[in-house]
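K.L.:
Before anything else, here's the structure in question.
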Amino acid sequence: MEKTWRWFGKKDKITLPMLRQIGVEGIVTALHEVPNGEIWTVEAINDLKSYIESYGLRWSVVESLPVCEAIKYAGTEREQLIENYKVSLANLGKCGVKTVCYNFMPVIDWIRTDLHYPWPDGTSSLYYDRIRFAYFDIKILEREGAEKDYTEEELHKVAELDKVITETEKDDLIDTIIVKTQGFVNGNIKEGDKNPVAIFKRLLGLYKDIDRDALRENMRYFLSAIMPVCEEYGVNMCVHPDDPPFQVLGLPRIVTNESDIEWFLNAVDNPHNGLTFCAGSLSAGAHNDTRELAKKFAGRTHFVHLRSTEAMPGGNFIESSHLSGRGHLIDLIRIFEKENPGLPMRVDHGRMMLGDEDKGYNPGYSFHGRMLALAQVEGMMAVVDDEKQLYGLL
């Protein structure tokens with residue numbers, strides 16, 4: 001597998017020379033300065049590509065070329081946005097950047113309630129607390145009908161939390177769920193927005209009449225429209241699973257399990273329509289077995305995220321060590337190396353450690369934590385390679 005790293009461009013505090021020193025081979029990045037929906041020009045793509053190559057690395061994967069909300073909910077500007085997307089894809093293909101990771105999650109990308117959940121060893125990682133998320137949904141967002149999505153026991157716990165939670169904790173919850181984890185990912189809400197909750201509620205309103213079937217049809221429409229461009233320029237699209245892989249905030253989520261993956265691959269049955277296999281997102285759902293999913297969908301996987309989660313009581317989960325948890329990463333490496341060798345892989349959501357906390361890194365994208373994860377995964381890759389070379393176990 002190709003060892004890649006998500007890098008946030010020339011302003012990233014983690015530099016390309018640093019990445020070369022720790023064994024990174026390929027870069028996963030995007031034109032972050034281009035507003036969502038605007039065309040990525042050949043000039044801008046080549047400028048960043050040349051910069052990356054000047055440090056002996058290659059631009060392996062685009063993560064991401066965002067799919068605008070109006071494409072997802074079929075707004076009046078959908079056709080123009082799809083046309084712009086097609087031009088950007090063609091330009092990427094012309095420049096030799098041919099793997100594009102994207103998502104089709106409405107409004108909100110990956111969700112956590114705590115960015116610094118402490119471990120006994122002094123490190124911290126991302127954490128999802130279902131009751132705190134329910135509190136945000138019911139008491140802060142005040143989403144109509146939210147109570148119906150939770151059990152009586154969960155509603156009781158929300159009421160108890162309401163008695164003790166501080167205003168600072170409420171602000172932190174807003175900041176974590178819809179600002180810090182979203183601005184650098186999808187651009188819908190950015191740090192500095194004066195009323196992020198109001199913006200978020202307006203975005204939710206755009207999906208009032210969009211159910212699961214409608215969102216699926218909009219995804220099919222989008223993929224059908226762009227596949228001719230992908231075929232012409234050899235570009236592979238790979239959708240990222242929903243994170244976490246279950247319904248939230250009354251929004252439909254349509255890439256959560258085996259049947260969802262099977263649906264979108266069959267809906268537009270083209271080899272350029274594929275999957276980003278994110279072991280962390282998939283393992284956060286108790287209904288998913290990452291090993292079985294990898295065996296089934298390895299042939300249509302174009303990109304792999306190697307991280308792992310640990311399920312906890314009450315529907316909570318935590319980002320675990322890359323050596324443990326429900327991700328079963330060494331087994332995944334074995335499967336992908338057998339079924340689809342050479343895929344780009346990046347470690348994901350490393351712990352905060354050794355001073356990472358003070359560097360202003362994007363949540364989940366620490367340097368030392370991901371460096372440790374890369375070393376762990378590289379060790380697993382070496383074991384699998386030895387098995388393959390010496391024992392023929394693959």
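Residues in the structure tokens are numbered from 1 in each chain, the chains being A, B, ... in the order shown, and ligands are numbered from 1 in the order shown.
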Quick one: which range 138-206 of chain A residues come within 12 Å of range 122-129 of chain A, and what is the nearest atom pair for each with the distance in Å to one decimal, counting only C-alpha atoms, rows ordered by chain and ascending number, as a Markdown table?
P.N.:
| residue | atom | partner | partner_atom | distance |
| --- | --- | --- | --- | --- |
| A:Glu154 | CA | A:Asp129 | CA | 11.5 |
| A:Lys157 | CA | A:Asp129 | CA | 11.8 |
| A:Val158 | CA | A:Asp129 | CA | 11.5 |
| A:Leu173 | CA | A:Asp129 | CA | 10.8 |
| A:Thr176 | CA | A:Leu126 | CA | 10.3 |
| A:Ile177 | CA | A:Tyr128 | CA | 9.9 |
| A:Thr181 | CA | A:Leu126 | CA | 10.5 |
K.L.:
Do you know which residues are at most 12 Å from Ile330 in chain A counting only C-alpha atoms, after dropping those on the same chain fewer than 4 positions away, and could you put them as number ranges by chain?
P.N.:
A: 279, 290-291, 294, 306-308, 322-326, 334-337, 376-385, 387
K.L.:
Just to be explicit: take each residue in the selection above, keep N, CA and C atoms, and write the result as a compact mmCIF listing (two decimals), in the first residue's frame.
P.N.:
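What follows is the written file out-v9.txt:
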# COMPACT_ATOMS: atom_id res chain seq x y z
N ALA A 279 -11.92 2.53 7.69
CA ALA A 279 -12.12 1.53 8.75
C ALA A 279 -12.65 2.16 10.02
N THR A 290 -15.65 -4.81 9.66
CA THR A 290 -14.78 -4.24 8.63
C THR A 290 -14.13 -5.31 7.77
N ARG A 291 -13.82 -6.45 8.35
CA ARG A 291 -13.15 -7.50 7.58
C ARG A 291 -14.06 -8.06 6.50
N ALA A 294 -14.46 -5.45 3.76
CA ALA A 294 -13.25 -5.35 2.93
C ALA A 294 -13.21 -6.50 1.92
N LEU A 306 -6.96 4.08 7.25
CA LEU A 306 -6.71 3.11 8.31
C LEU A 306 -6.72 3.81 9.66
N ARG A 307 -7.80 3.64 10.38
CA ARG A 307 -7.91 4.01 11.79
C ARG A 307 -8.92 3.06 12.42
N SER A 308 -9.08 3.15 13.72
CA SER A 308 -9.93 2.19 14.40
C SER A 308 -10.69 2.87 15.52
N HIS A 322 -4.34 2.49 16.71
CA HIS A 322 -4.40 1.82 15.41
C HIS A 322 -4.10 0.33 15.53
N LEU A 323 -3.61 -0.09 16.68
CA LEU A 323 -3.29 -1.50 16.91
C LEU A 323 -4.44 -2.27 17.55
N SER A 324 -5.52 -1.58 17.89
CA SER A 324 -6.62 -2.24 18.60
C SER A 324 -7.96 -1.80 18.04
N GLY A 325 -9.02 -2.15 18.75
CA GLY A 325 -10.35 -1.70 18.37
C GLY A 325 -11.01 -2.56 17.31
N ARG A 326 -12.15 -2.07 16.81
CA ARG A 326 -12.98 -2.82 15.88
C ARG A 326 -12.57 -2.66 14.42
N ARG A 334 -4.06 -7.23 5.06
CA ARG A 334 -3.95 -8.54 4.41
C ARG A 334 -4.95 -8.67 3.26
N ILE A 335 -6.19 -8.26 3.53
CA ILE A 335 -7.24 -8.40 2.52
C ILE A 335 -6.96 -7.52 1.31
N PHE A 336 -6.64 -6.25 1.55
CA PHE A 336 -6.42 -5.34 0.43
C PHE A 336 -5.16 -5.70 -0.36
N GLU A 337 -4.13 -6.15 0.33
CA GLU A 337 -2.91 -6.54 -0.38
C GLU A 337 -3.13 -7.78 -1.25
N GLN A 376 2.99 2.48 13.41
CA GLN A 376 2.27 1.25 13.75
C GLN A 376 1.76 0.55 12.50
N VAL A 377 1.17 1.32 11.60
CA VAL A 377 0.62 0.73 10.39
C VAL A 377 1.73 0.23 9.47
N GLU A 378 2.83 0.97 9.40
CA GLU A 378 3.94 0.52 8.57
C GLU A 378 4.49 -0.81 9.08
N GLY A 379 4.49 -0.98 10.40
CA GLY A 379 4.90 -2.26 10.98
C GLY A 379 3.98 -3.38 10.57
N MET A 380 2.67 -3.10 10.60
CA MET A 380 1.70 -4.10 10.16
C MET A 380 1.89 -4.44 8.69
N MET A 381 2.15 -3.42 7.88
CA MET A 381 2.38 -3.66 6.45
C MET A 381 3.62 -4.53 6.23
N ALA A 382 4.64 -4.32 7.05
CA ALA A 382 5.85 -5.13 6.92
C ALA A 382 5.57 -6.58 7.28
N VAL A 383 4.76 -6.79 8.30
CA VAL A 383 4.39 -8.16 8.68
C VAL A 383 3.65 -8.84 7.53
N VAL A 384 2.69 -8.14 6.96
CA VAL A 384 1.90 -8.70 5.87
C VAL A 384 2.80 -8.99 4.66
N ASP A 385 3.72 -8.08 4.39
CA ASP A 385 4.64 -8.31 3.28
C ASP A 385 5.50 -9.54 3.51
N GLU A 387 4.67 -12.12 5.36
CA GLU A 387 3.78 -13.27 5.19
C GLU A 387 3.63 -13.63 3.72
K.L.:
Per DSSP on the backbone, what are the helix (DSSP H, G or I) residues of range 175-292 of chain A, as a ChimeraX atom specification?
P.N.:
/A:175-180,196-205,212-233,258-267,279-283,290-292
K.L.:
Counting only C-alpha atoms, give me one row per residue of range 42-160 of chain A with an atom at most 10 Å from an atom of range 195-209 of chain A, showing the shortest contact pair and its distance in Å to one decimal, sorted by chain then residue number, as a tab-separated table.
P.N.:
residue	atom	partner	partner_atom	distance
A:Glu69	CA	A:Leu203	CA	8.6
A:Ala70	CA	A:Leu206	CA	8.7
A:Lys72	CA	A:Tyr207	CA	9.0
A:Tyr73	CA	A:Tyr207	CA	6.3
A:Ala74	CA	A:Tyr207	CA	9.7
A:Gly75	CA	A:Leu206	CA	8.8
A:Pro106	CA	A:Tyr207	CA	7.9
A:Val107	CA	A:Leu203	CA	6.3
A:Ile108	CA	A:Phe200	CA	8.8
A:Ile140	CA	A:Val197	CA	8.2
A:Leu141	CA	A:Val197	CA	6.7
A:Glu142	CA	A:Lys201	CA	9.2
A:Arg143	CA	A:Lys201	CA	8.0
K.L.:
Mind pulling up the distance from CA of Ala267 in chain A to CA of Ser224 in chain A?
P.N.:
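If I compute the distance from CA of Ser224 in chain A to CA of Ala267 in chain A, I get 8.9 Å.
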K.L.:
Using DSSP on the backbone, list every residue of range 326-367 of chain A that comes out as strand (DSSP E or B), and give them as a list of chain:residue names.
P.N.:
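The strand (DSSP E or B) subset of range 326-367 of chain A is A:Pro344, A:Met345, A:Arg346, A:Val347, A:Met352.
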K.L.:
Would you kindly return, as number ranges by chain, each protein, DNA or RNA residue with an atom no farther than 10 Å from any atom of range 41-55 of chain A, considering only C-alpha atoms and excluding same-chain residues fewer than 3 positions away?
P.N.:
A: 9-10, 15-17, 19-20, 26-27, 29-31, 34, 38, 58-60, 87-97
K.L.:
May I have the residues from that selection written out with N, CA and C atoms, as a JSON list (two decimals), in the first residue's frame?
P.N.:
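Here's the written file selection-v2.json:
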[["chain", "number", "residue", "atom", "x", "y", "z"],
["A", 9, "GLY", "N", -2.13, 21.86, 2.63],
["A", 9, "GLY", "CA", -1.62, 22.89, 1.74],
["A", 9, "GLY", "C", -0.41, 23.63, 2.27],
["A", 10, "LYS", "N", -0.01, 24.63, 1.53],
["A", 10, "LYS", "CA", 1.25, 25.33, 1.81],
["A", 10, "LYS", "C", 1.26, 26.03, 3.16],
["A", 15, "THR", "N", 5.05, 20.39, 7.43],
["A", 15, "THR", "CA", 5.62, 20.67, 6.11],
["A", 15, "THR", "C", 5.93, 19.39, 5.34],
["A", 16, "LEU", "N", 6.08, 19.53, 4.04],
["A", 16, "LEU", "CA", 6.41, 18.38, 3.21],
["A", 16, "LEU", "C", 7.78, 17.78, 3.56],
["A", 17, "PRO", "N", 8.81, 18.59, 3.85],
["A", 17, "PRO", "CA", 10.07, 17.97, 4.29],
["A", 17, "PRO", "C", 9.91, 17.13, 5.56],
["A", 19, "LEU", "N", 7.27, 15.43, 6.31],
["A", 19, "LEU", "CA", 6.59, 14.21, 5.91],
["A", 19, "LEU", "C", 7.55, 13.24, 5.21],
["A", 20, "ARG", "N", 8.46, 13.76, 4.42],
["A", 20, "ARG", "CA", 9.44, 12.88, 3.78],
["A", 20, "ARG", "C", 10.28, 12.16, 4.83],
["A", 26, "GLY", "N", 3.04, 9.63, -0.56],
["A", 26, "GLY", "CA", 2.06, 10.37, -1.35],
["A", 26, "GLY", "C", 1.29, 11.35, -0.48],
["A", 27, "ILE", "N", 0.78, 12.39, -1.11],
["A", 27, "ILE", "CA", 0.05, 13.44, -0.41],
["A", 27, "ILE", "C", -1.43, 13.39, -0.78],
["A", 29, "THR", "N", -4.57, 15.83, -0.52],
["A", 29, "THR", "CA", -4.84, 17.24, -0.26],
["A", 29, "THR", "C", -5.88, 17.76, -1.24],
["A", 30, "ALA", "N", -6.11, 19.07, -1.20],
["A", 30, "ALA", "CA", -7.12, 19.71, -2.04],
["A", 30, "ALA", "C", -6.75, 21.17, -2.25],
["A", 31, "LEU", "N", -7.46, 21.82, -3.14],
["A", 31, "LEU", "CA", -7.32, 23.27, -3.31],
["A", 31, "LEU", "C", -8.24, 23.94, -2.30],
["A", 34, "VAL", "N", -10.06, 27.37, -2.79],
["A", 34, "VAL", "CA", -11.11, 27.56, -3.80],
["A", 34, "VAL", "C", -12.47, 27.33, -3.14],
["A", 38, "GLU", "N", -16.81, 26.23, -7.08],
["A", 38, "GLU", "CA", -16.07, 26.90, -8.14],
["A", 38, "GLU", "C", -15.11, 25.92, -8.81],
["A", 58, "ARG", "N", 4.30, 12.78, -4.29],
["A", 58, "ARG", "CA", 3.33, 12.91, -5.37],
["A", 58, "ARG", "C", 1.95, 13.21, -4.80],
["A", 59, "TRP", "N", 1.15, 13.89, -5.58],
["A", 59, "TRP", "CA", -0.23, 14.16, -5.19],
["A", 59, "TRP", "C", -1.04, 12.92, -5.55],
["A", 60, "SER", "N", -1.29, 12.08, -4.55],
["A", 60, "SER", "CA", -1.89, 10.77, -4.80],
["A", 60, "SER", "C", -3.41, 10.81, -4.85],
["A", 87, "VAL", "N", -15.91, 19.92, -14.94],
["A", 87, "VAL", "CA", -14.73, 20.63, -15.45],
["A", 87, "VAL", "C", -13.54, 20.43, -14.51],
["A", 88, "SER", "N", -13.80, 20.51, -13.21],
["A", 88, "SER", "CA", -12.73, 20.31, -12.23],
["A", 88, "SER", "C", -12.16, 18.89, -12.33],
["A", 89, "LEU", "N", -13.05, 17.90, -12.49],
["A", 89, "LEU", "CA", -12.59, 16.52, -12.64],
["A", 89, "LEU", "C", -11.74, 16.36, -13.89],
["A", 90, "ALA", "N", -12.19, 16.95, -14.99],
["A", 90, "ALA", "CA", -11.43, 16.87, -16.23],
["A", 90, "ALA", "C", -10.05, 17.51, -16.06],
["A", 91, "ASN", "N", -10.01, 18.63, -15.38],
["A", 91, "ASN", "CA", -8.73, 19.31, -15.17],
["A", 91, "ASN", "C", -7.80, 18.49, -14.29],
["A", 92, "LEU", "N", -8.35, 17.85, -13.27],
["A", 92, "LEU", "CA", -7.53, 16.96, -12.44],
["A", 92, "LEU", "C", -6.97, 15.82, -13.28],
["A", 93, "GLY", "N", -7.84, 15.22, -14.11],
["A", 93, "GLY", "CA", -7.39, 14.12, -14.96],
["A", 93, "GLY", "C", -6.29, 14.56, -15.91],
["A", 94, "LYS", "N", -6.44, 15.73, -16.52],
["A", 94, "LYS", "CA", -5.41, 16.26, -17.43],
["A", 94, "LYS", "C", -4.07, 16.44, -16.73],
["A", 95, "CYS", "N", -4.14, 16.76, -15.43],
["A", 95, "CYS", "CA", -2.92, 17.00, -14.66],
["A", 95, "CYS", "C", -2.36, 15.73, -14.03],
["A", 96, "GLY", "N", -3.04, 14.61, -14.22],
["A", 96, "GLY", "CA", -2.54, 13.35, -13.71],
["A", 96, "GLY", "C", -2.88, 13.05, -12.27],
["A", 97, "VAL", "N", -3.88, 13.75, -11.72],
["A", 97, "VAL", "CA", -4.35, 13.48, -10.35],
["A", 97, "VAL", "C", -5.68, 12.76, -10.49]]
K.L.:
If we count only C-alpha atoms and set the cut-off at 8 Å, which residues sit around range 103-105 of chain A, ignoring sequence neighbours fewer than 4 positions away in its own chain? Please answer as a list in words.
P.N.:
Pro66, Val67, Lys72, Asp109, Met219, Val239, His240, Pro241, Asp242, Arg253 and Ile254 of chain A
K.L.:
Which value, in Å to one decimal, gives the distance between CA of Phe8 in chain A and CA of Pro35 in chain A?
P.N.:
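So the two atoms, CA of Phe8 in chain A and CA of Pro35 in chain A, lie 14.8 Å apart.
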